[in-house]
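Chemist: Structure file entry31.txt (compact mmCIF, C-alpha atoms) is given on the next line.
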```
# COMPACT_ATOMS: atom_id res chain seq x y z
CA MET A 1 -23.89 -9.78 0.79
CA LEU A 2 -25.50 -6.33 1.02
CA LEU A 3 -23.50 -3.65 2.82
CA ASN A 4 -25.06 -0.93 4.92
CA PRO A 5 -24.70 2.59 3.42
CA HIS A 6 -21.90 3.68 5.77
CA THR A 7 -19.79 0.59 5.08
CA ARG A 8 -20.44 0.92 1.36
CA TYR A 9 -19.22 4.53 1.29
CA VAL A 10 -16.09 3.57 3.23
CA PHE A 11 -15.43 0.78 0.74
CA ILE A 12 -15.89 3.17 -2.20
CA ALA A 13 -13.53 5.71 -0.59
CA ILE A 14 -10.81 3.11 -0.06
CA LYS A 15 -11.27 1.81 -3.58
CA TRP A 16 -10.86 5.26 -5.15
CA LEU A 17 -7.94 6.08 -2.91
CA ALA A 18 -6.15 3.03 -4.29
CA LEU A 19 -7.20 3.69 -7.89
CA ALA A 20 -6.18 7.35 -7.82
CA ILE A 21 -2.79 6.59 -6.29
CA ALA A 22 -2.22 3.80 -8.82
CA ALA A 23 -3.03 6.17 -11.69
CA GLY A 24 -0.68 8.76 -10.19
CA LEU A 25 2.15 6.26 -9.78
CA LEU A 26 1.82 5.16 -13.41
CA ALA A 27 1.63 8.70 -14.79
CA GLY A 28 4.37 10.01 -12.48
CA THR A 29 6.78 7.24 -13.43
CA ALA A 30 6.06 7.80 -17.12
CA SER A 31 6.54 11.57 -16.72
CA ALA A 32 9.82 11.13 -14.85
CA GLY A 33 11.21 8.96 -17.64
CA PHE A 34 9.89 11.34 -20.27
CA LEU A 35 11.40 14.43 -18.63
CA ALA A 36 14.78 12.69 -18.36
CA LEU A 37 14.68 11.72 -22.03
CA LEU A 38 13.55 15.21 -23.00
CA GLU A 39 16.43 16.82 -21.13
CA GLY A 40 18.88 14.45 -22.80
CA ALA A 41 17.42 15.11 -26.25
CA THR A 42 17.62 18.88 -25.73
CA GLU A 43 21.25 18.69 -24.61
CA LEU A 44 22.14 16.59 -27.64
CA ARG A 45 20.45 19.08 -29.99
CA MET A 46 22.25 21.99 -28.38
CA THR A 47 25.60 20.19 -28.59
CA HIS A 48 25.19 18.85 -32.12
CA GLY A 49 23.70 21.57 -34.29
CA TRP A 50 23.63 19.35 -37.36
CA LEU A 51 20.71 17.38 -35.87
CA LEU A 52 18.38 20.15 -37.04
CA TRP A 53 18.87 19.00 -40.64
CA LEU A 54 17.27 15.67 -39.71
CA LEU A 55 14.03 17.32 -38.53
CA PRO A 56 12.12 16.64 -41.78
CA ILE A 57 13.18 12.98 -41.78
CA GLY A 58 12.40 12.53 -38.09
CA GLY A 59 8.96 14.07 -38.55
CA ALA A 60 8.24 11.87 -41.56
CA ILE A 61 9.22 8.71 -39.65
CA VAL A 62 6.99 9.59 -36.67
CA SER A 63 4.05 10.43 -38.94
CA TRP A 64 4.52 7.13 -40.77
CA MET A 65 4.49 5.27 -37.48
CA TYR A 66 1.26 6.98 -36.45
CA SER A 67 -0.30 6.27 -39.85
CA ARG A 68 0.76 2.63 -39.71
CA TYR A 69 0.29 1.81 -36.04
CA GLY A 70 -1.23 4.78 -34.25
CA LYS A 71 -4.70 4.93 -35.80
CA GLU A 72 -6.89 6.94 -33.41
CA ALA A 73 -3.94 7.67 -31.11
CA GLY A 74 -3.02 10.40 -33.58
CA LYS A 75 -5.89 12.52 -32.20
CA GLY A 76 -3.86 13.07 -29.06
CA ASN A 77 -5.55 14.90 -26.19
CA ASN A 78 -8.74 15.21 -28.23
CA LEU A 79 -9.10 11.42 -28.17
CA LEU A 80 -8.98 11.43 -24.37
CA LEU A 81 -11.74 14.04 -24.27
CA GLU A 82 -13.84 12.05 -26.73
CA ARG A 83 -13.50 8.90 -24.64
CA ILE A 84 -14.64 10.78 -21.54
CA TYR A 85 -17.64 12.16 -23.43
CA GLU A 86 -18.48 8.64 -24.63
CA SER A 87 -18.82 7.57 -20.99
CA GLY A 88 -15.87 5.21 -21.09
CA GLY A 89 -17.20 3.16 -23.99
CA THR A 90 -14.33 2.61 -26.42
CA ALA A 91 -10.88 2.03 -24.99
CA VAL A 92 -8.00 4.48 -25.29
CA PRO A 93 -5.29 2.53 -27.13
CA LEU A 94 -2.42 1.66 -24.80
CA ARG A 95 0.01 2.17 -27.68
CA MET A 96 -0.68 5.91 -27.37
CA ALA A 97 1.84 6.12 -24.51
CA PRO A 98 4.95 4.76 -26.26
CA LEU A 99 4.06 6.41 -29.56
CA VAL A 100 3.67 9.91 -28.14
CA LEU A 101 6.77 9.44 -25.98
CA PHE A 102 8.89 8.48 -28.98
CA GLY A 103 7.34 11.12 -31.22
CA THR A 104 7.86 13.97 -28.77
CA VAL A 105 11.47 13.04 -28.02
CA VAL A 106 12.16 12.95 -31.78
CA THR A 107 10.52 16.37 -32.19
CA HIS A 108 12.77 17.91 -29.53
CA LEU A 109 15.89 16.02 -30.54
CA PHE A 110 15.79 17.49 -34.04
CA GLY A 111 14.48 20.95 -33.15
CA GLY A 112 10.70 21.11 -33.46
CA SER A 113 8.99 23.80 -31.39
CA ALA A 114 6.54 21.95 -29.16
CA GLY A 115 5.69 21.35 -25.53
CA ARG A 116 5.52 18.45 -23.14
CA GLU A 117 2.14 18.48 -21.38
CA GLY A 118 0.41 16.75 -24.29
CA THR A 119 2.80 13.84 -23.98
CA ALA A 120 2.42 13.53 -20.21
CA VAL A 121 -1.38 13.83 -20.39
CA GLN A 122 -1.65 11.23 -23.14
CA MET A 123 0.65 8.82 -21.34
CA GLY A 124 -1.24 9.30 -18.08
CA GLY A 125 -4.61 8.92 -19.78
CA SER A 126 -3.76 5.82 -21.79
CA LEU A 127 -2.12 4.10 -18.81
CA ALA A 128 -5.05 4.94 -16.54
CA ASP A 129 -7.56 3.65 -19.08
CA GLY A 130 -5.49 0.52 -19.57
CA LEU A 131 -5.61 -0.03 -15.81
CA SER A 132 -9.37 0.49 -15.73
CA ARG A 133 -9.90 -2.12 -18.44
CA ARG A 134 -7.52 -4.56 -16.80
CA ILE A 135 -9.44 -4.53 -13.50
CA GLY A 136 -12.88 -4.35 -15.10
CA LEU A 137 -14.22 -0.98 -13.97
CA SER A 138 -17.67 0.17 -15.03
CA ALA A 139 -18.16 2.87 -17.67
CA PRO A 140 -18.60 5.79 -15.22
CA GLU A 141 -15.64 4.56 -13.16
CA ARG A 142 -13.47 4.41 -16.27
CA GLN A 143 -14.61 7.94 -17.07
CA ILE A 144 -13.27 9.28 -13.78
CA LEU A 145 -10.08 7.19 -13.77
CA LEU A 146 -9.28 8.57 -17.22
CA MET A 147 -9.58 12.05 -15.75
CA CYS A 148 -7.23 10.94 -12.97
CA GLY A 149 -4.70 10.01 -15.64
CA ILE A 150 -5.05 13.45 -17.20
CA SER A 151 -4.65 15.26 -13.88
CA SER A 152 -1.64 13.23 -12.78
CA GLY A 153 0.04 13.61 -16.16
CA PHE A 154 -0.40 17.38 -16.18
CA GLY A 155 0.45 17.89 -12.52
CA SER A 156 3.51 15.68 -12.59
CA VAL A 157 5.13 17.15 -15.70
CA PHE A 158 4.92 20.75 -14.42
CA GLY A 159 5.21 20.17 -10.68
CA THR A 160 1.81 21.80 -10.10
CA PRO A 161 -0.46 19.11 -8.62
CA LEU A 162 -3.33 21.43 -7.65
CA ALA A 163 -3.44 22.90 -11.15
CA GLY A 164 -3.29 19.39 -12.60
CA ALA A 165 -6.42 18.37 -10.72
CA VAL A 166 -8.33 21.53 -11.66
CA PHE A 167 -7.16 21.23 -15.28
CA ALA A 168 -8.63 17.73 -15.59
CA LEU A 169 -11.95 18.88 -14.08
CA GLU A 170 -12.16 22.04 -16.18
CA VAL A 171 -10.82 20.99 -19.57
CA VAL A 172 -13.68 18.56 -20.23
CA ALA A 173 -16.38 21.20 -19.96
CA LEU A 174 -15.15 24.53 -21.35
CA GLY A 175 -14.63 26.45 -18.14
CA PHE A 176 -17.12 24.64 -15.91
CA LEU A 177 -16.18 22.28 -13.08
CA HIS A 178 -17.60 18.87 -12.28
CA TYR A 179 -16.86 18.03 -8.68
CA ARG A 180 -17.69 14.32 -8.70
CA ALA A 181 -14.16 13.54 -9.88
CA ALA A 182 -12.49 16.23 -7.75
CA ILE A 183 -11.08 14.09 -4.94
CA PRO A 184 -9.81 11.24 -7.18
CA CYS A 185 -8.18 13.75 -9.55
CA LEU A 186 -6.58 15.61 -6.65
CA LEU A 187 -5.20 12.40 -5.15
CA ALA A 188 -3.92 11.20 -8.52
CA SER A 189 -2.26 14.52 -9.30
CA PHE A 190 -0.42 14.66 -5.98
CA ALA A 191 0.58 11.01 -6.33
CA GLY A 192 2.00 11.72 -9.78
CA HIS A 193 3.82 14.82 -8.55
CA PHE A 194 5.50 13.07 -5.63
CA THR A 195 6.35 10.09 -7.83
CA VAL A 196 8.30 12.38 -10.17
CA LEU A 197 10.11 13.90 -7.20
CA ALA A 198 10.88 10.42 -5.85
CA TRP A 199 12.58 9.60 -9.15
CA GLY A 200 14.90 12.56 -8.59
CA VAL A 201 13.40 14.89 -11.21
CA ARG A 202 13.18 18.57 -10.28
CA HIS A 203 11.09 21.29 -11.90
CA ALA A 204 12.12 24.81 -12.84
CA SER A 205 10.95 27.61 -10.56
CA TYR A 206 10.09 31.18 -11.50
CA SER A 207 9.75 34.36 -9.47
CA TRP A 208 8.25 37.75 -10.24
CA GLY A 209 9.84 39.30 -7.18
CA GLU A 210 7.99 41.81 -5.04
CA VAL A 211 4.38 42.27 -6.13
CA PRO A 212 3.56 45.94 -6.86
CA ALA A 213 1.01 47.66 -4.64
CA PHE A 214 -2.50 48.06 -5.99
CA SER A 215 -3.31 51.14 -8.04
CA LEU A 216 -5.95 52.01 -10.62
CA MET A 217 -3.26 52.80 -13.19
CA LEU A 218 -1.62 49.39 -12.72
CA LEU A 219 -5.04 47.75 -12.91
CA LEU A 220 -5.73 49.52 -16.22
CA LYS A 221 -2.40 48.31 -17.61
CA ILE A 222 -3.17 44.72 -16.53
CA VAL A 223 -6.58 44.95 -18.24
CA ILE A 224 -5.01 46.20 -21.48
CA ALA A 225 -2.36 43.47 -21.37
CA SER A 226 -4.95 40.79 -20.59
CA ILE A 227 -7.04 41.72 -23.61
CA LEU A 228 -3.94 41.20 -25.75
CA PHE A 229 -3.22 37.92 -23.97
CA GLY A 230 -6.69 36.68 -24.93
CA LEU A 231 -6.32 37.78 -28.54
CA THR A 232 -2.93 36.06 -28.71
CA ALA A 233 -4.46 32.84 -27.39
CA TRP A 234 -7.15 33.09 -30.07
CA LEU A 235 -4.51 33.69 -32.75
CA PHE A 236 -2.45 30.71 -31.60
CA SER A 237 -5.44 28.34 -31.66
CA ALA A 238 -6.83 29.63 -34.94
CA LEU A 239 -3.45 29.59 -36.68
CA THR A 240 -2.61 26.08 -35.45
CA HIS A 241 -5.93 24.67 -36.71
CA ARG A 242 -5.66 26.61 -39.97
CA ILE A 243 -2.11 25.48 -40.74
CA LYS A 244 -3.04 21.88 -39.89
CA ALA A 245 -6.05 22.01 -42.22
CA MET A 246 -4.12 23.64 -45.04
CA MET A 247 -1.17 21.27 -44.86
CA THR A 248 -3.44 18.25 -44.68
CA LYS A 249 -5.27 19.49 -47.78
CA TRP A 250 -2.08 20.26 -49.71
CA PHE A 251 -0.17 17.18 -48.51
CA PRO A 252 -2.63 14.33 -47.80
CA ASN A 253 0.31 11.99 -47.23
CA ALA A 254 1.11 12.42 -43.52
CA PRO A 255 4.87 11.67 -43.71
CA LEU A 256 5.25 14.11 -46.60
CA LYS A 257 3.33 16.76 -44.65
CA SER A 258 5.70 16.44 -41.68
CA PHE A 259 8.73 16.42 -43.98
CA ILE A 260 7.61 19.70 -45.55
CA GLY A 261 6.84 21.14 -42.11
CA GLY A 262 10.33 20.25 -40.90
CA ALA A 263 11.84 21.94 -43.94
CA ILE A 264 9.81 25.08 -43.20
CA ILE A 265 11.11 25.14 -39.62
CA ILE A 266 14.70 24.94 -40.93
CA ALA A 267 13.95 27.82 -43.30
CA LEU A 268 12.50 29.88 -40.42
CA VAL A 269 15.72 29.36 -38.46
CA PHE A 270 17.64 31.04 -41.27
CA VAL A 271 15.02 33.77 -41.71
CA PHE A 272 15.19 34.77 -38.03
CA GLY A 273 18.90 34.03 -37.77
CA THR A 274 18.66 32.13 -34.47
CA ARG A 275 17.78 28.74 -32.98
CA ASP A 276 16.32 30.25 -29.83
CA TYR A 277 12.78 29.40 -30.88
CA LEU A 278 13.38 25.65 -31.22
CA GLY A 279 12.36 23.12 -28.57
CA LEU A 280 10.57 24.19 -25.40
CA GLY A 281 12.04 27.69 -25.41
CA LEU A 282 12.59 27.76 -21.64
CA PRO A 283 15.61 30.13 -21.84
CA LEU A 284 13.30 32.69 -23.48
CA LEU A 285 10.84 32.25 -20.63
CA GLU A 286 13.54 32.78 -18.00
CA GLN A 287 14.84 35.90 -19.76
CA SER A 288 11.34 37.37 -19.95
CA PHE A 289 11.33 37.84 -16.16
CA GLU A 290 14.68 39.63 -16.19
CA GLN A 291 14.22 42.29 -18.86
CA ALA A 292 11.65 43.51 -21.36
CA ALA A 293 11.58 41.24 -24.39
CA SER A 294 11.46 42.37 -27.99
CA PRO A 295 8.03 42.05 -29.67
CA ILE A 296 9.58 39.75 -32.27
CA VAL A 297 10.18 37.07 -29.63
CA PHE A 298 6.59 36.07 -28.90
CA ILE A 299 5.65 36.42 -32.58
CA ALA A 300 8.49 34.14 -33.69
CA LYS A 301 7.78 31.52 -31.00
CA LEU A 302 4.12 31.52 -31.99
CA LEU A 303 5.02 31.01 -35.65
CA PHE A 304 7.56 28.25 -35.00
CA THR A 305 5.13 26.38 -32.75
CA THR A 306 2.05 26.62 -34.97
CA VAL A 307 4.03 25.36 -37.96
CA THR A 308 5.50 22.49 -35.92
CA LEU A 309 2.14 21.34 -34.55
CA GLY A 310 0.29 22.05 -37.77
CA ALA A 311 2.70 19.82 -39.66
CA GLY A 312 1.88 16.86 -37.43
CA PHE A 313 4.88 16.80 -35.09
CA GLN A 314 4.22 15.36 -31.64
CA GLY A 315 4.37 17.38 -28.43
CA GLY A 316 2.18 19.68 -26.44
CA GLU A 317 1.00 23.25 -26.74
CA VAL A 318 1.14 24.42 -23.15
CA THR A 319 4.86 25.07 -22.62
CA PRO A 320 5.13 27.09 -25.87
CA LEU A 321 2.03 28.98 -24.70
CA PHE A 322 3.85 29.71 -21.45
CA VAL A 323 6.77 31.12 -23.43
CA ILE A 324 4.54 33.10 -25.80
CA GLY A 325 2.56 34.54 -22.90
CA SER A 326 5.55 35.40 -20.73
CA THR A 327 7.50 37.05 -23.55
CA LEU A 328 4.42 39.01 -24.66
CA GLY A 329 3.86 40.11 -21.07
CA SER A 330 7.51 41.07 -20.80
CA THR A 331 7.22 43.16 -23.96
CA LEU A 332 4.06 44.86 -22.69
CA GLY A 333 5.73 45.55 -19.35
CA GLY A 334 8.31 47.61 -21.17
CA LEU A 335 5.82 49.35 -23.45
CA LEU A 336 3.34 50.17 -20.67
CA SER A 337 6.00 51.12 -18.09
CA ALA A 338 4.70 48.42 -15.76
CA SER A 339 6.46 45.68 -13.81
CA VAL A 340 8.05 43.40 -16.40
CA PRO A 341 8.16 40.29 -14.15
CA LEU A 342 4.53 40.81 -13.08
CA LEU A 343 3.14 41.05 -16.62
CA ALA A 344 5.42 38.20 -17.73
CA GLY A 345 3.95 36.01 -14.98
CA ILE A 346 0.36 36.97 -15.75
CA GLY A 347 0.97 36.42 -19.46
CA LEU A 348 2.47 32.98 -18.78
CA ILE A 349 -0.71 31.67 -17.17
CA ALA A 350 -3.31 33.81 -18.96
CA VAL A 351 -2.43 32.86 -22.54
CA PHE A 352 -2.39 29.18 -21.57
CA GLY A 353 -5.70 29.41 -19.70
CA ALA A 354 -7.40 31.26 -22.55
CA ALA A 355 -6.15 28.90 -25.25
CA ALA A 356 -7.04 25.74 -23.28
CA ASN A 357 -10.34 27.16 -21.94
CA THR A 358 -9.13 26.51 -18.39
CA PRO A 359 -8.96 29.92 -16.67
CA LEU A 360 -9.39 28.57 -13.15
CA ALA A 361 -6.62 25.98 -13.63
CA SER A 362 -4.34 28.75 -14.88
CA VAL A 363 -5.01 30.86 -11.77
CA VAL A 364 -4.27 27.87 -9.53
CA MET A 365 -1.08 27.20 -11.48
CA GLY A 366 -0.06 30.83 -11.04
CA ILE A 367 -0.52 30.57 -7.29
CA GLU A 368 1.58 27.38 -7.21
CA LEU A 369 4.33 28.98 -9.30
CA PHE A 370 4.42 32.52 -7.88
CA GLY A 371 2.80 32.29 -4.44
CA ILE A 372 0.05 34.33 -2.82
CA ASP A 373 1.96 37.43 -1.76
CA GLY A 374 0.20 40.77 -1.81
CA PHE A 375 -2.21 41.43 -4.64
CA GLY A 376 -0.66 38.72 -6.82
CA PRO A 377 -3.67 36.37 -6.79
CA LEU A 378 -6.03 39.26 -7.62
CA TYR A 379 -3.87 40.34 -10.56
CA MET A 380 -3.75 36.74 -11.83
CA LEU A 381 -7.50 36.30 -11.49
CA ILE A 382 -8.22 39.51 -13.39
CA GLY A 383 -5.70 38.66 -16.09
CA CYS A 384 -6.92 35.10 -16.66
CA ALA A 385 -10.60 36.04 -16.61
CA ILE A 386 -10.24 38.86 -19.13
CA ALA A 387 -7.96 36.81 -21.40
CA TYR A 388 -10.43 33.91 -21.32
CA PHE A 389 -13.38 36.10 -22.32
CA CYS A 390 -11.37 37.79 -25.09
CA SER A 391 -10.14 34.54 -26.65
CA GLY A 392 -13.39 33.50 -28.30
CA ARG A 393 -15.18 30.17 -28.15
CA GLY A 394 -12.47 28.10 -29.81
CA GLY A 395 -9.32 26.68 -28.28
CA ILE A 396 -6.42 24.31 -28.78
CA TYR A 397 -8.60 21.25 -28.05
CA SER A 398 -11.17 20.97 -30.82
CA SER A 399 -13.08 18.16 -29.10
CA GLN A 400 -14.01 20.17 -26.00
CA ARG A 401 -17.73 20.36 -25.21
CA PRO A 402 -19.56 22.78 -22.89
CA ARG A 403 -21.36 21.63 -19.77
CA PHE A 404 -20.46 17.96 -20.06
CA GLN A 405 -22.37 15.76 -17.62
CA PHE A 406 -20.97 12.77 -15.77
CA MET A 407 -22.69 9.45 -15.54
CA ASP A 408 -24.01 8.60 -12.10
CA LEU A 409 -21.63 6.34 -10.19
CA ARG A 410 -24.53 5.20 -8.00
CA LYS A 411 -26.29 3.41 -10.86
```
If you took the structure in this file and wrote it as structure tokens, what would it be?
Modeler:
Amino acid sequence: MLLNPHTRYVFIAIKWLALAIAAGLLAGTASAGFLALLEGATELRMTHGWLLWLLPIGGAIVSWMYSRYGKEAGKGNNLLLERIYESGGTAVPLRMAPLVLFGTVVTHLFGGSAGREGTAVQMGGSLADGLSRRIGLSAPERQILLMCGISSGFGSVFGTPLAGAVFALEVVALGFLHYRAAIPCLLASFAGHFTVLAWGVRHASYSWGEVPAFSLMLLLKIVIASILFGLTAWLFSALTHRIKAMMTKWFPNAPLKSFIGGAIIIALVFVFGTRDYLGLGLPLLEQSFEQAASPIVFIAKLLFTTVTLGAGFQGGEVTPLFVIGSTLGSTLGGLLSASVPLLAGIGLIAVFGAAANTPLASVVMGIELFGIDGFGPLYMLIGCAIAYFCSGRGGIYSSQRPRFQFMDLRK
């Protein structure tokens, strides 16, 4: 039976409301469980220091599992982008979710320096694509539901649902937005966020205090800092890809590569004389808002993270980028005689946005984290825009393509 246009649009709206909420519920539940496991793994590592010595073995086991069972799942977030670009053709393997969950928990249990957004995004994406295949969606519909999984995974793991939606729209097209998936991604991201809260998980909050009044001198200092934020994002991306390529060339056997990488991390702990750079590094982030950080902090966190990811350990890049950006901003606040919390906050979002090629998502995240008081949004916009343009054309996601076009849902 043919439906009149109005009835058809109502039916489509109800359908996507249900699909987006379903994707959010799946991703939010997965993120809640993941965050609980991650907190437990971190506490165990902090309590039992000897677990660090098992990092090479843990990495080797995870890499073996990916080599044996993971197949394409080892591409991580890049695989999700490729599947979107392929218009929903080949399925995202459902095994990606449990593999990345296990691999990331192992990384943090034994002391690897990695993040958490990659895990949440991959779980959300694989579960959403599994749902789309189960109910028989068309290729363009699968394309958008996969983006819903990405948005809900990102939004739920950080407690920033608006940024999660914008991230999913922006990350597929190198800084451009495609609005056809905007409403489904927004619904999915909020559904994921509230699902995490319903499970009793709470997110950390940060404050940069009173926002300084506008002045040309402060603006100049923000511009200088933002240029350095962009260059740091470029360095992080380039070094991660370079280390990964070099270690793959020198150690073609994936488990051996991760074993060697784990041993290097242990050596770096002794070189720097501290374990502060292991795991997420959230204490470093919190301290960066309280007092000017030493320049060695962001350099060391960058080195620990690029070696961890380059060696094939599982986890994300975004939380370490938060730490690198906030500690660099904190350092620059002291050197430039500017507000330390302000530059730490701008650095937190700007380095992430520049490295992921998602400057608008980073501004939205900054507003969700720090509010819209005074000139704060203007400072964040300036910082993220300059950092993005100074970071080059690369990024942490090698599969990103510019100006990606959606298939037409009306066909």
Chemist: Between A:Leu309, A:Leu284, A:Ile21, A:Ala292, single out the one closest to Thr331 in chain A, counting only C-alpha atoms.
Modeler: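 Closest to Thr331 in chain A, using only C-alpha atoms: A:Ala292.
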Chemist: Report as JSON lines: every residue of range 303-345 of chain A with an atom at most 12 Å from range 370-387 of chain A, its closest pair of atoms, and their distance in Å to one decimal, counting all atoms listed in the file, with rows sorted by chain and ascending residue number.
Modeler:
```
{"residue": "A:Gly325", "atom": "CA", "partner": "A:Ala387", "partner_atom": "CA", "distance": 10.9}
{"residue": "A:Gly329", "atom": "CA", "partner": "A:Gly383", "partner_atom": "CA", "distance": 10.9}
{"residue": "A:Pro341", "atom": "CA", "partner": "A:Phe370", "partner_atom": "CA", "distance": 10.7}
{"residue": "A:Leu342", "atom": "CA", "partner": "A:Gly376", "partner_atom": "CA", "distance": 8.4}
{"residue": "A:Leu343", "atom": "CA", "partner": "A:Gly383", "partner_atom": "CA", "distance": 9.2}
{"residue": "A:Ala344", "atom": "CA", "partner": "A:Met380", "partner_atom": "CA", "distance": 11.0}
{"residue": "A:Gly345", "atom": "CA", "partner": "A:Phe370", "partner_atom": "CA", "distance": 7.9}
```
Chemist: Name the closest residue to Ser398 in chain A among the candidates A:Ser330, A:Thr119, A:Asn357, A:Thr29; distances are taken between atoms, counting all atoms listed in the file.
Modeler: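 Nearest to Ser398 in chain A: A:Asn357.
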Chemist: Find the residue from A:Thr195, A:Asn4, A:Ser113, A:Asn77 that sits nearest to Asp276 in chain A; use all atoms listed in the file when measuring.
Modeler: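 Smallest distance to Asp276 in chain A is found for A:Ser113.
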Chemist: Can you measure CA of Leu220 in chain A to CA of Ala350 in chain A for me? One decimal in Å is fine.
Modeler: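 Answer for the CA of Leu220 in chain A to CA of Ala350 in chain A separation: 16.1 Å.
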Chemist: In Å, how far is it from CA of Ile324 in chain A to CA of Phe304 in chain A?
Modeler: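 Spanning CA of Ile324 in chain A to CA of Phe304 in chain A is a straight-line distance of 10.8 Å.
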Chemist: My list of candidates is A:Pro98, A:Gly279, A:Gly209, A:Gly353. Which is closest to Gly316 in chain A when distances are computed with only C-alpha atoms?
Modeler: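 Looking only at the distances to Gly316 in chain A, the closest residue turns out to be A:Gly279.
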Chemist: When you look at range 79-93 of chain A with a cut-off of 8 Å (counting only C-alpha atoms), what residues show up, excluding the ones that are within fewer than 3 positions of it in the same chain? I need them as a list in words.
Modeler: Glu72, Ala73, Lys75, Gly76, Met96, Gln122, Gly125, Ser126, Asp129, Gly130, Arg133, Ala139, Pro140, Glu141, Arg142, Gln143, Leu146, Met147, Val172, Ser399, Gln400, Phe404, Phe406 and Met407 of chain A
Chemist: At most 8 Å from (-6.5, 22.6, -27.8), file frame, all atoms listed in the file: which residues, as a ChimeraX atom specification?
Modeler: /A:77-78,237,317,355-356,395-398
Chemist: Quick one: of A:Thr240, A:Ser337, A:Ser326, A:Asn253, who's nearest to Leu303 in chain A, counting all atoms listed in the file?
Modeler: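 Counting all atoms listed in the file, the residue closest to Leu303 in chain A is A:Thr240.
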Chemist: Would you pick out the contacts of Val318 in chain A at 8 Å or less, using all atoms listed in the file, so that residues sharing its chain but fewer than 6 positions from it are not included, and give the list as a short mmCIF file (atom, residue, chain, number, x, y, z; two decimals) with C-alpha atoms, in the frame of the given file?
Modeler:
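What follows is the written file result_19.cif:
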```cif
data_model
loop_
_atom_site.label_atom_id
_atom_site.label_comp_id
_atom_site.auth_asym_id
_atom_site.auth_seq_id
_atom_site.Cartn_x
_atom_site.Cartn_y
_atom_site.Cartn_z
CA GLY A 115 5.69 21.35 -25.53
CA ARG A 116 5.52 18.45 -23.14
CA GLU A 117 2.14 18.48 -21.38
CA GLY A 118 0.41 16.75 -24.29
CA PHE A 352 -2.39 29.18 -21.57
#
```
Chemist: Find the residues around range 199-201 of chain A up to 9 Å (all atoms listed in the file counted), leave out those fewer than 3 positions away in its own chain, and share them as a list in words.
Modeler: Gly28, Thr29, Ala32, Gly33, Leu35, Ala36, Phe194, Thr195 and Val196 of chain A
Chemist: Quick one: residues within 8 Å of (9.9, 29.5, -25.0) (file frame), counting only C-alpha atoms, please, as a PyMOL selection string.
Modeler: chain A and resi 277+279-285+301+319-324
Chemist: Please measure the separation of CA of Gly59 in chain A and CA of Phe259 in chain A, giving the value in Å to one decimal.
Modeler: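 Separation between CA of Gly59 in chain A and CA of Phe259 in chain A: 5.9 Å.
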Chemist: Find the residue from A:Gly124, A:Gly192, A:Gly153, A:Gly262 that sits nearest to Ala311 in chain A; use all atoms listed in the file when measuring.
Modeler: A:Gly262
Chemist: Tell me which protein, DNA and RNA residues are within 10 Å of range 24-26 of chain A, counting only C-alpha atoms, leaving out same-chain ones fewer than 3 positions away, and put them as number ranges by chain.
Modeler: A: 18-21, 29-31, 123-125, 127-128, 131, 148-153, 155-156, 184-196
Chemist: If we count all atoms listed in the file, what is near Thr308 in chain A at a cut-off of 8 Å, once residues fewer than 5 positions away on the same chain are taken out, given as a ChimeraX atom specification?
Modeler: /A:112-114,261-262,265,313
Chemist: Select range 137-143 of chain A in the preceding structure and write N, CA, C and O atoms to a file as a PDB file, in the first residue's frame.
Modeler:
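Wrote it out as result.pdb, contents follow:
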```pdb
ATOM      1  N   LEU A 137      18.447  -3.414   7.256  1.00  0.00           N
ATOM      2  CA  LEU A 137      18.413  -2.052   6.732  1.00  0.00           C
ATOM      3  C   LEU A 137      19.111  -1.977   5.375  1.00  0.00           C
ATOM      4  O   LEU A 137      19.985  -2.782   5.062  1.00  0.00           O
ATOM      5  N   SER A 138      18.748  -0.966   4.605  1.00  0.00           N
ATOM      6  CA  SER A 138      19.389  -0.743   3.315  1.00  0.00           C
ATOM      7  C   SER A 138      20.794  -0.174   3.524  1.00  0.00           C
ATOM      8  O   SER A 138      21.152   0.232   4.643  1.00  0.00           O
ATOM      9  N   ALA A 139      21.573  -0.111   2.456  1.00  0.00           N
ATOM     10  CA  ALA A 139      22.946   0.386   2.551  1.00  0.00           C
ATOM     11  C   ALA A 139      23.027   1.807   3.102  1.00  0.00           C
ATOM     12  O   ALA A 139      23.805   2.065   4.031  1.00  0.00           O
ATOM     13  N   PRO A 140      22.261   2.779   2.579  1.00  0.00           N
ATOM     14  CA  PRO A 140      22.347   4.128   3.145  1.00  0.00           C
ATOM     15  C   PRO A 140      21.854   4.209   4.582  1.00  0.00           C
ATOM     16  O   PRO A 140      22.346   5.018   5.373  1.00  0.00           O
ATOM     17  N   GLU A 141      20.892   3.370   4.947  1.00  0.00           N
ATOM     18  CA  GLU A 141      20.414   3.352   6.328  1.00  0.00           C
ATOM     19  C   GLU A 141      21.487   2.792   7.261  1.00  0.00           C
ATOM     20  O   GLU A 141      21.686   3.290   8.375  1.00  0.00           O
ATOM     21  N   ARG A 142      22.173   1.760   6.808  1.00  0.00           N
ATOM     22  CA  ARG A 142      23.270   1.200   7.606  1.00  0.00           C
ATOM     23  C   ARG A 142      24.373   2.226   7.792  1.00  0.00           C
ATOM     24  O   ARG A 142      25.006   2.306   8.848  1.00  0.00           O
ATOM     25  N   GLN A 143      24.612   3.011   6.760  1.00  0.00           N
ATOM     26  CA  GLN A 143      25.611   4.067   6.794  1.00  0.00           C
ATOM     27  C   GLN A 143      25.338   5.034   7.947  1.00  0.00           C
ATOM     28  O   GLN A 143      26.235   5.357   8.745  1.00  0.00           O
TER      29      GLN A 143
END
```
